[in-house]
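J.: The structure under discussion is supplied below as structure tokens; questions concerning it will follow.
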Amino acid sequence: MSTLPAAIVRARGTHTASVIFIHGLGDSGHGWVPVAQILSQSLPHVKFIMPHAPEQAVTVNGGFRMPSWYDIKSLEKIAGDEDEAGMNASMMKINDLIRSEVDAGIPANRIVLGGFSQGAALTLFTGLQSERRFAGLAVLSGYLPIRDKILTRATDASKKVPVFQAHGTADEVVMFQYGEMTSEVLKKNGYNVDFRTYRHMGHSTCNDEIKDLGQFLSKQLPEQS
């Protein structure tokens, strides 16, 4: 049983699939409940789980404590001094959450793992190293963490998992170039990436992105009779 607290939007019909969506720095799972409720309208069989990060000091924000999955030292040089230990600790918690869903009868191929910003980076960190073959990975406004190491640890199972990646061209936090670079590196390493871009969108989401995400989820998690 996972001890990671989470906001839940339960399946409105028979529960046959799950989406675990990981929020960004300074947020909580509650911040993505409205999006989950929108998506749930066309995915009545899907349970949405939005875990809450623990609070910790974050270097890039002057050491202030806030909800964070790992420490971020700099946004200017994302591939610089990264908190791999913090990522590993959070990955273990997310894997516990995944295991809870599997133990409850939802197989990995009926689970989509996704996230926004820091949560998107943790999605890739977790998904690429997992031996489970998920239904998909959804990476919104994110980047590939510790990219010099992560691809050497990537599993064969992960390369069979479709990746939906989305990024705003005006992102002022995780620059658009990091999204582009992530897409290119993943494709070069054998991943099936659907990279969607949204003109003038900053570090946020928009209706078109939510619609595209919903279509990805509907394709990867079809309703079962």
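Chain labels A, B, ... are given in the sequence in which chains occur in the structure tokens; within each chain residues are numbered consecutively from 1, and ligands are likewise numbered from 1 in the order shown.
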Run DSSP on the backbone of this structure and report the residues of chain A it assigns to alpha helix (DSSP H), as a ChimeraX atom specification.

T.: /A:33-40,84-103,118-129,147-153,176-188,207-220

J.: I'd like the neighbourhood of segment 17-28 of chain A as a PyMOL selection string, where a residue qualifies if any of its atoms comes within 7 Å (using only C-alpha atoms), though same-chain residues fewer than 2 positions away should be ignored.

T.: chain A and resi 15+30-31+45-53+66-68+106+110-120+221

J.: Pick out the residues sitting within 6 Å of segment 175-190 of chain A, and hand them over as a list in words; count only C-alpha atoms, and ignore anything fewer than 3 positions along from it in its own chain.

T.: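 Here the answer would be Tyr143, Leu144, Thr169, Asp171 and Glu172 of chain A.
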
J.: A:Phe125, A:Phe64, A:Trp32, A:Phe134: which is nearest Met87 of chain A, counting only C-alpha atoms?

T.: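 Using only C-alpha atoms, Met87 of chain A sits closest to A:Phe125.
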
J.: When you draw a straight line from atom CA of Phe216 of chain A to atom CA of Leu151 of chain A, how long is it in Å?

T.: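 If I compute the distance from atom CA of Phe216 of chain A to atom CA of Leu151 of chain A, I get 24.1 Å.
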
J.: I need the strand (DSSP E or B) residues of segment 15-168 of chain A per DSSP on the backbone, written as an MDAnalysis selection string.

T.: chainID A and resid 17:22 46:51 55:57 65:67 111:116 136:140 163:168

J.: Which residue gives the smallest distance to Val60 of chain A among A:Gly127, A:Leu122, A:Val173, A:Gly86, with only C-alpha atoms counted?

T.: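 Using only C-alpha atoms, the shortest distance to Val60 of chain A belongs to A:Val173.
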
J.: Can you list, as a list of chain:residue names, every protein, DNA or RNA residue that comes within 9 Å of Arg132 of chain A when you count only C-alpha atoms, leaving out same-chain residues fewer than 2 positions away?

T.: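 Contacts, in chain order: A:Ala108, A:Asn109, A:Gly127, A:Gln129, A:Ser130, A:Phe134, A:Ala157, A:Ser158.
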